[in-house]
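Chemist: You'll find query.txt just under this line, and it carries compact mmCIF, C-alpha atoms and all ligand atoms.
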# COMPACT_ATOMS: atom_id res chain seq x y z
CA ALA A 1 -103.14 -75.45 46.83
CA LEU A 2 -106.14 -73.23 46.14
CA VAL A 3 -109.72 -74.24 45.39
CA TYR A 4 -112.20 -72.53 43.07
CA LEU A 5 -115.48 -71.18 44.44
CA ASN A 6 -117.84 -68.92 42.49
CA GLY A 7 -115.20 -67.11 40.49
CA GLU A 8 -112.55 -66.92 43.21
CA TYR A 9 -109.45 -68.95 44.06
CA LEU A 10 -109.15 -69.46 47.81
CA PRO A 11 -107.36 -71.62 50.37
CA LEU A 12 -109.60 -74.63 51.13
CA ASP A 13 -110.34 -73.51 54.69
CA GLN A 14 -111.61 -70.15 53.44
CA ALA A 15 -114.03 -71.60 50.87
CA LYS A 16 -117.48 -71.31 52.50
CA VAL A 17 -121.05 -71.67 51.26
CA SER A 18 -124.38 -70.67 52.79
CA VAL A 19 -126.31 -73.09 54.99
CA LEU A 20 -129.26 -72.25 52.73
CA ASP A 21 -127.40 -73.68 49.74
CA ARG A 22 -129.70 -76.24 48.17
CA GLY A 23 -126.73 -78.58 47.79
CA PHE A 24 -126.50 -78.64 51.59
CA LEU A 25 -130.27 -78.73 52.26
CA PHE A 26 -131.45 -81.10 49.50
CA GLY A 27 -128.41 -82.57 47.73
CA ASP A 28 -129.68 -80.44 44.83
CA GLY A 29 -126.63 -80.51 42.60
CA VAL A 30 -124.39 -82.52 40.30
CA TYR A 31 -120.68 -83.26 40.20
CA GLU A 32 -117.81 -84.66 38.14
CA VAL A 33 -114.51 -86.34 38.92
CA ILE A 34 -111.87 -85.85 36.22
CA PRO A 35 -108.48 -87.58 36.42
CA VAL A 36 -105.38 -85.57 35.51
CA TYR A 37 -102.28 -87.37 34.21
CA GLY A 38 -99.03 -85.57 33.43
CA GLY A 39 -100.82 -82.25 34.03
CA GLN A 40 -103.53 -83.01 31.41
CA PRO A 41 -107.20 -83.66 32.23
CA PHE A 42 -108.07 -87.14 30.91
CA ARG A 43 -111.15 -87.52 28.65
CA LEU A 44 -112.05 -83.88 29.41
CA GLN A 45 -114.57 -83.47 26.57
CA GLU A 46 -116.43 -86.60 27.69
CA HIS A 47 -116.58 -85.43 31.32
CA LEU A 48 -117.83 -81.96 30.35
CA ARG A 49 -120.44 -83.48 28.03
CA ARG A 50 -121.69 -85.70 30.88
CA LEU A 51 -121.73 -82.68 33.21
CA GLY A 52 -123.99 -80.93 30.69
CA GLN A 53 -126.27 -83.98 30.62
CA SER A 54 -126.41 -84.18 34.43
CA LEU A 55 -127.23 -80.46 34.64
CA ALA A 56 -129.94 -80.84 32.00
CA GLY A 57 -131.27 -83.82 33.98
CA ILE A 58 -131.84 -81.55 37.00
CA ARG A 59 -133.05 -78.61 34.87
CA MET A 60 -129.97 -76.46 35.21
CA ALA A 61 -127.94 -74.62 32.57
CA GLN A 62 -124.15 -74.97 32.24
CA PRO A 63 -122.83 -72.15 34.46
CA LEU A 64 -119.53 -72.00 32.51
CA SER A 65 -118.30 -72.70 28.99
CA ASP A 66 -115.96 -75.63 28.32
CA GLY A 67 -113.13 -73.13 27.86
CA GLU A 68 -113.86 -71.50 31.22
CA TRP A 69 -113.88 -74.89 32.93
CA ALA A 70 -110.58 -75.82 31.28
CA ALA A 71 -108.99 -72.54 32.45
CA ILE A 72 -110.11 -73.25 36.05
CA PHE A 73 -108.72 -76.79 35.95
CA GLU A 74 -105.42 -75.48 34.64
CA ARG A 75 -105.07 -73.28 37.73
CA LEU A 76 -106.04 -76.10 40.10
CA ILE A 77 -103.68 -78.70 38.67
CA ASP A 78 -100.75 -79.06 41.05
CA GLY A 79 -97.63 -80.41 39.33
CA PRO A 80 -97.24 -83.42 37.04
CA GLY A 81 -98.30 -86.18 39.51
CA ASP A 82 -101.51 -88.18 39.08
CA GLN A 83 -104.41 -86.22 40.57
CA TYR A 84 -108.06 -85.53 39.98
CA ILE A 85 -110.35 -82.55 39.80
CA TYR A 86 -113.57 -82.74 41.78
CA LEU A 87 -116.18 -80.24 40.66
CA GLN A 88 -119.71 -79.65 41.78
CA VAL A 89 -122.49 -77.34 40.72
CA THR A 90 -125.41 -76.89 43.08
CA ARG A 91 -128.64 -75.02 42.46
CA GLY A 92 -127.41 -72.29 44.83
CA ALA A 93 -128.74 -70.59 47.97
CA ALA A 94 -132.35 -69.39 48.19
CA ASP A 95 -133.67 -67.08 50.91
CA LYS A 96 -135.72 -69.85 52.51
CA ARG A 97 -135.97 -73.64 52.54
CA ASP A 98 -138.55 -74.73 49.99
CA HIS A 99 -138.47 -77.86 47.81
CA ALA A 100 -139.74 -76.08 44.70
CA ILE A 101 -137.01 -74.40 42.66
CA PRO A 102 -136.96 -70.58 43.00
CA ALA A 103 -137.27 -68.64 39.74
CA GLN A 104 -134.17 -66.54 40.43
CA ILE A 105 -131.20 -68.38 41.86
CA THR A 106 -127.46 -68.30 41.20
CA PRO A 107 -125.67 -71.68 41.11
CA THR A 108 -122.81 -72.46 43.47
CA VAL A 109 -119.77 -73.61 41.50
CA PHE A 110 -116.93 -75.36 43.28
CA ALA A 111 -113.81 -77.19 42.10
CA MET A 112 -110.70 -78.56 43.78
CA GLY A 113 -107.75 -80.81 42.98
CA SER A 114 -106.69 -83.87 45.01
CA PRO A 115 -104.04 -86.58 44.63
CA ILE A 116 -105.18 -89.99 43.31
CA ALA A 117 -104.81 -92.79 45.86
CA PRO A 118 -102.79 -95.87 44.83
CA ILE A 119 -104.86 -98.45 42.92
CA PRO A 120 -104.89 -102.04 44.25
CA LEU A 121 -103.60 -104.17 41.36
CA ASP A 122 -103.94 -107.50 43.13
CA GLY A 123 -107.74 -107.39 43.18
CA ILE A 124 -110.45 -106.40 45.67
CA ARG A 125 -113.30 -108.06 47.53
CA ALA A 126 -116.88 -107.12 46.62
CA VAL A 127 -120.29 -108.04 48.00
CA THR A 128 -123.66 -107.99 46.25
CA LEU A 129 -126.31 -105.74 47.78
CA ASP A 130 -129.83 -104.77 46.86
CA ASP A 131 -129.78 -101.59 44.72
CA ILE A 132 -131.78 -99.23 46.96
CA ARG A 133 -131.03 -96.12 44.87
CA TRP A 134 -133.53 -93.97 42.98
CA GLN A 135 -134.56 -94.37 39.34
CA CYS A 136 -132.34 -91.65 37.83
CA CYS A 137 -128.93 -93.25 38.34
CA HIS A 138 -127.78 -91.81 34.99
CA ILE A 139 -127.60 -88.35 36.62
CA LYS A 140 -124.34 -87.75 38.49
CA ALA A 141 -126.15 -86.11 41.39
CA THR A 142 -124.54 -85.13 44.69
CA THR A 143 -127.51 -86.84 46.39
CA LEU A 144 -125.47 -89.93 47.34
CA LEU A 145 -127.05 -91.17 50.58
CA ALA A 146 -127.95 -94.59 49.17
CA ASN A 147 -124.44 -95.00 47.71
CA VAL A 148 -122.93 -93.96 51.06
CA LEU A 149 -125.00 -96.52 52.99
CA LEU A 150 -124.26 -99.26 50.44
CA ARG A 151 -120.52 -98.59 50.47
CA GLN A 152 -120.52 -98.55 54.28
CA ASP A 153 -122.39 -101.86 54.35
CA ALA A 154 -119.76 -103.32 51.97
CA VAL A 155 -116.87 -102.01 54.12
CA GLU A 156 -118.43 -103.49 57.27
CA ARG A 157 -118.57 -106.82 55.44
CA GLY A 158 -114.84 -106.59 54.72
CA ALA A 159 -115.26 -105.60 51.06
CA ALA A 160 -114.01 -102.60 49.10
CA GLU A 161 -117.12 -102.21 46.93
CA ALA A 162 -120.80 -103.15 46.71
CA ILE A 163 -122.11 -104.58 43.45
CA LEU A 164 -125.75 -103.57 43.21
CA VAL A 165 -128.57 -105.86 42.16
CA ARG A 166 -131.89 -104.63 40.78
CA ASP A 167 -134.65 -106.88 39.38
CA GLY A 168 -132.34 -109.90 39.46
CA CYS A 169 -129.59 -108.15 37.49
CA ALA A 170 -126.28 -106.65 38.60
CA THR A 171 -126.22 -102.98 37.58
CA GLU A 172 -122.97 -101.35 38.75
CA GLY A 173 -120.92 -100.65 41.88
CA ALA A 174 -121.73 -98.02 44.53
CA ALA A 175 -119.18 -95.78 42.78
CA SER A 176 -118.07 -97.80 39.74
CA ASN A 177 -119.32 -99.57 36.61
CA LEU A 178 -119.43 -103.33 36.26
CA PHE A 179 -117.92 -105.70 33.71
CA ILE A 180 -117.77 -109.47 33.65
CA VAL A 181 -115.88 -111.89 31.43
CA GLN A 182 -117.93 -114.88 30.31
CA ASP A 183 -116.69 -117.38 27.71
CA GLY A 184 -113.90 -114.89 27.00
CA SER A 185 -116.38 -112.13 26.10
CA VAL A 186 -116.33 -108.76 27.94
CA ILE A 187 -119.86 -107.89 29.08
CA THR A 188 -121.22 -104.71 30.69
CA PRO A 189 -124.81 -103.58 31.36
CA PRO A 190 -126.33 -101.17 28.82
CA LYS A 191 -126.69 -97.46 29.51
CA GLY A 192 -130.03 -96.32 30.80
CA HIS A 193 -131.55 -94.97 33.99
CA ALA A 194 -130.18 -97.86 36.12
CA ILE A 195 -126.49 -96.89 35.83
CA LEU A 196 -124.18 -93.92 35.60
CA PRO A 197 -122.78 -93.66 32.04
CA GLY A 198 -119.19 -94.06 33.20
CA ILE A 199 -116.44 -92.37 31.20
CA THR A 200 -114.09 -95.23 32.11
CA ARG A 201 -116.78 -97.76 31.09
CA ASP A 202 -116.96 -96.22 27.62
CA LEU A 203 -113.19 -96.09 27.31
CA VAL A 204 -112.76 -99.72 28.39
CA LEU A 205 -115.39 -100.83 25.84
CA GLU A 206 -113.74 -98.73 23.13
CA LEU A 207 -110.24 -100.04 23.90
CA ALA A 208 -111.43 -103.66 24.17
CA GLN A 209 -113.09 -103.39 20.74
CA GLN A 210 -110.05 -101.71 19.18
CA HIS A 211 -107.88 -104.56 20.40
CA GLY A 212 -110.12 -107.31 19.08
CA LEU A 213 -111.74 -108.45 22.32
CA ALA A 214 -115.38 -109.57 22.03
CA THR A 215 -117.71 -107.15 23.86
CA GLU A 216 -121.43 -107.13 24.67
CA GLU A 217 -123.66 -104.50 26.25
CA ARG A 218 -126.46 -106.39 27.92
CA ARG A 219 -128.03 -107.09 31.28
CA ILE A 220 -126.04 -109.33 33.64
CA ARG A 221 -128.15 -111.69 35.74
CA LEU A 222 -127.01 -112.25 39.34
CA GLU A 223 -126.34 -115.95 38.56
CA GLU A 224 -124.08 -114.92 35.67
CA LEU A 225 -122.17 -112.58 37.97
CA GLN A 226 -121.70 -115.39 40.47
CA LYS A 227 -120.34 -117.72 37.75
CA ALA A 228 -118.29 -115.13 35.86
CA GLU A 229 -114.70 -115.98 34.88
CA GLU A 230 -113.70 -112.43 35.78
CA ILE A 231 -115.38 -109.41 37.36
CA TRP A 232 -114.07 -105.85 36.92
CA LEU A 233 -115.15 -102.50 38.34
CA THR A 234 -114.23 -99.28 36.52
CA SER A 235 -114.06 -95.65 37.60
CA SER A 236 -112.07 -92.55 36.81
CA THR A 237 -109.84 -92.66 39.88
CA ARG A 238 -109.53 -96.47 40.14
CA GLU A 239 -109.33 -97.33 36.42
CA VAL A 240 -110.06 -101.06 36.00
CA LEU A 241 -110.12 -103.04 39.26
CA ALA A 242 -110.26 -106.82 39.28
CA VAL A 243 -112.74 -108.30 41.77
CA THR A 244 -111.11 -111.48 43.07
CA GLU A 245 -113.67 -112.37 45.73
CA LEU A 246 -117.45 -112.01 45.51
CA ASP A 247 -119.61 -112.60 48.61
CA GLY A 248 -116.77 -114.58 50.18
CA ALA A 249 -116.26 -116.90 47.15
CA LYS A 250 -113.28 -116.76 44.80
CA VAL A 251 -113.80 -115.28 41.35
CA GLY A 252 -112.02 -117.66 38.93
CA ASP A 253 -108.89 -118.83 40.74
CA GLY A 254 -108.96 -115.86 43.11
CA GLN A 255 -106.35 -113.87 41.16
CA PRO A 256 -106.89 -111.07 38.62
CA GLY A 257 -107.64 -112.93 35.37
CA PRO A 258 -105.90 -112.97 31.97
CA VAL A 259 -108.42 -110.69 30.25
CA TRP A 260 -108.04 -108.16 33.08
CA ARG A 261 -104.25 -108.28 32.64
CA ARG A 262 -104.73 -107.62 28.93
CA ILE A 263 -107.13 -104.68 29.41
CA GLN A 264 -104.91 -103.26 32.14
CA GLU A 265 -101.94 -103.33 29.72
CA ILE A 266 -104.02 -101.70 26.97
CA TYR A 267 -105.40 -99.04 29.36
CA GLN A 268 -101.95 -98.13 30.70
CA ALA A 269 -100.53 -97.98 27.16
CA TYR A 270 -103.39 -95.64 26.15
CA LYS A 271 -102.67 -93.33 29.12
CA GLN A 272 -98.97 -93.35 28.34
CA GLY A 273 -99.62 -92.66 24.64
CA LEU A 274 -101.68 -89.58 25.50
CA ARG A 275 -98.95 -88.36 27.80
CA GLU A 276 -96.34 -88.66 25.07
CA GLY A 277 -98.98 -87.38 22.68
N1 LIG B 1 -121.14 -95.54 38.72
C1 LIG B 1 -121.26 -94.76 39.81
C2 LIG B 1 -122.48 -94.90 40.66
C3 LIG B 1 -120.25 -93.83 40.13
O1 LIG B 1 -120.37 -93.04 41.21
C4 LIG B 1 -119.09 -93.76 39.30
C5 LIG B 1 -118.00 -92.81 39.57
O2 LIG B 1 -117.60 -92.57 40.65
C6 LIG B 1 -119.00 -94.61 38.20
C7 LIG B 1 -120.05 -95.48 37.93
C8 LIG B 1 -117.80 -94.59 37.29
O3 LIG B 1 -117.86 -93.48 36.42
P1 LIG B 1 -116.55 -92.83 35.78
O4 LIG B 1 -115.86 -93.92 35.02
O5 LIG B 1 -117.08 -91.77 34.88
O6 LIG B 1 -115.72 -92.31 36.89
Can the structure in the file be given as structure tokens, please?
Ligand code: PLP

Modeler:
Amino acid sequence: ALVYLNGEYLPLDQAKVSVLDRGFLFGDGVYEVIPVYGGQPFRLQEHLRRLGQSLAGIRMAQPLSDGEWAAIFERLIDGPGDQYIYLQVTRGAADKRDHAIPAQITPTVFAMGSPIAPIPLDGIRAVTLDDIRWQCCHIKATTLLANVLLRQDAVERGAAEAILVRDGCATEGAASNLFIVQDGSVITPPKGHAILPGITRDLVLELAQQHGLATEERRIRLEELQKAEEIWLTSSTREVLAVTELDGAKVGDGQPGPVWRRIQEIYQAYKQGLREG
């Protein structure tokens, strides 16, 4: 399969960028991950809108129109199987390393397709860790060193994800949004600079509301997380994961809970409905 780089379609091993690319030197860029089901990008408009917001957040213009992006994705999609498009836009290569943004610079635009890994339906372990990230977590920046270190810390503790805690409240995962179920109500932290505005988060809220589940967008204190009936983590490639163990203690009875089973059913039905469209 080919990848897209700056207007060309190339084999992956021939796609090369300059060592002066500011994505390489500074992590000066943004990205998106868009799932593709049955050959169709899922929630495409929402992902492209967020890309525009991330670009604006780092003072960059959209390098391509929505139609141009869609045409690229169409060429990268490889058969009907579940896959995802990874795309990234960096500031581009300057002629020297300098933090300040050069006046004239051409962005580097890259996109590739990959298969989606199987999703664990029997629940995952998570650990809570101090949220050491910066204060612009709403920007989907390629600058992911804190997330990398947090995820690694979680893995070394035998967990699949870190749930991050800032000012006494759980914000989100290292690469996922957070939900809890408390007294039957589905609760997720509000949007703002402390979390990425997840596309899956919005969809889960929307679907929960449509199906009559009680929802709340509000801060989740660490003690509430620890006592939650259910904990879920959402992301584009992992959908809605149940957390069945938090910091070595069972969540509920240690099995994915009834509200998770319900949202999972609703989410899968929504995906299937789009496919049959
Ligand atoms: N939060 C962070 C920090 C992420 O990196 C991600 C995605 O990987 C998410 C949340 C989930 O966002 P989405 O549902 O748009 O994939």

Chemist: Name the residues in contact with Thr188 in chain A at a cut-off of 8 Å, using only C-alpha atoms, excluding same-chain residues fewer than 5 positions from it; report them as number ranges by chain.

Modeler: A: 178-180, 216-220

Chemist: Using all atoms listed in the file, pick whichever of A:Ile187, A:Val259, A:Leu213, A:Leu241 has the shortest atom-to-atom distance to ligand LIG 1 (chain B).

Modeler: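 Smallest separation from ligand LIG 1 (chain B) among the options: A:Leu241.
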
Chemist: Between A:Val204, A:Leu20, A:Ile77, A:Leu48, which is the closest to Leu64 in chain A once you count all atoms listed in the file?

Modeler: A:Leu48

Chemist: For Ser54 in chain A, which residue among A:Gly273, A:Gly158, A:Pro197, A:Pro189 is the nearest when counting all atoms listed in the file?

Modeler: A:Pro197

Chemist: List all protein, DNA and RNA residues that have any atom at most 7 Å from ligand LIG 1 (chain B), counting all atoms listed in the file, and write the list as an mmCIF file with C-alpha atoms, in the coordinates of the input.

Modeler:
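That gives us selection-v9.cif:
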data_model
loop_
_atom_site.group_PDB
_atom_site.id
_atom_site.type_symbol
_atom_site.label_atom_id
_atom_site.label_comp_id
_atom_site.auth_asym_id
_atom_site.auth_seq_id
_atom_site.Cartn_x
_atom_site.Cartn_y
_atom_site.Cartn_z
ATOM 1 C CA VAL A 33 -114.510 -86.340 38.920
ATOM 2 C CA GLU A 172 -122.970 -101.350 38.750
ATOM 3 C CA GLY A 173 -120.920 -100.650 41.880
ATOM 4 C CA ALA A 174 -121.730 -98.020 44.530
ATOM 5 C CA ALA A 175 -119.180 -95.780 42.780
ATOM 6 C CA SER A 176 -118.070 -97.800 39.740
ATOM 7 C CA ASN A 177 -119.320 -99.570 36.610
ATOM 8 C CA ILE A 195 -126.490 -96.890 35.830
ATOM 9 C CA LEU A 196 -124.180 -93.920 35.600
ATOM 10 C CA PRO A 197 -122.780 -93.660 32.040
ATOM 11 C CA GLY A 198 -119.190 -94.060 33.200
ATOM 12 C CA ILE A 199 -116.440 -92.370 31.200
ATOM 13 C CA THR A 200 -114.090 -95.230 32.110
ATOM 14 C CA ARG A 201 -116.780 -97.760 31.090
ATOM 15 C CA THR A 234 -114.230 -99.280 36.520
ATOM 16 C CA SER A 235 -114.060 -95.650 37.600
ATOM 17 C CA SER A 236 -112.070 -92.550 36.810
ATOM 18 C CA THR A 237 -109.840 -92.660 39.880
#

Chemist: Check the smallest atom-to-atom distance from each of A:Ile58, A:Leu25, A:Ile163, A:Ile139 to Arg97 in chain A using only C-alpha atoms, then report the winner.

Modeler: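 Of all the options, A:Leu25 lies closest to Arg97 in chain A.
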
Chemist: Residues within 10 Å of Gln14 in chain A, please, as a PyMOL selection string. Count all atoms listed in the file; anything in the same chain fewer than 4 positions from it doesn't count.

Modeler: chain A and resi 2-3+5+9-10

Chemist: Identify which of the residues A:Leu76, A:Ala94, A:Leu145, A:Leu225 lies closest to Cys169 in chain A, counting all atoms listed in the file when measuring atom-to-atom distances.

Modeler: A:Leu225

Chemist: Can you work out the spacing between CA of Thr128 in chain A and CA of Ala162 in chain A in Å, to one decimal?

Modeler: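 So the answer is 5.6 Å.
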
Chemist: Could you please determine the separation between CA of Gln182 in chain A and CA of Arg151 in chain A in Å, to one decimal place?

Modeler: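 Separation of CA of Gln182 in chain A and CA of Arg151 in chain A: 26.0 Å.
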
Chemist: I need the residue nearest Ala141 in chain A from this list: A:Ala61, A:Ala15, A:Met112, A:Leu87. Use all atoms listed in the file for the distance.

Modeler: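 Checking each of A:Ala61, A:Ala15, A:Met112, A:Leu87 against Ala141 in chain A, counting all atoms listed in the file, the winner is A:Leu87.
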
Chemist: Using only C-alpha atoms - which residues lie no farther than 6 Å from the point (-123.2, -71.6, 43.6) in the file's frame? Write them as a PyMOL selection string.

Modeler: chain A and resi 90+92+106-109

Chemist: Record the distance separating CA of Leu44 in chain A and CA of Glu74 in chain A, expressed in Å with one decimal.

Modeler: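 Separation of CA of Leu44 in chain A and CA of Glu74 in chain A: 11.9 Å.
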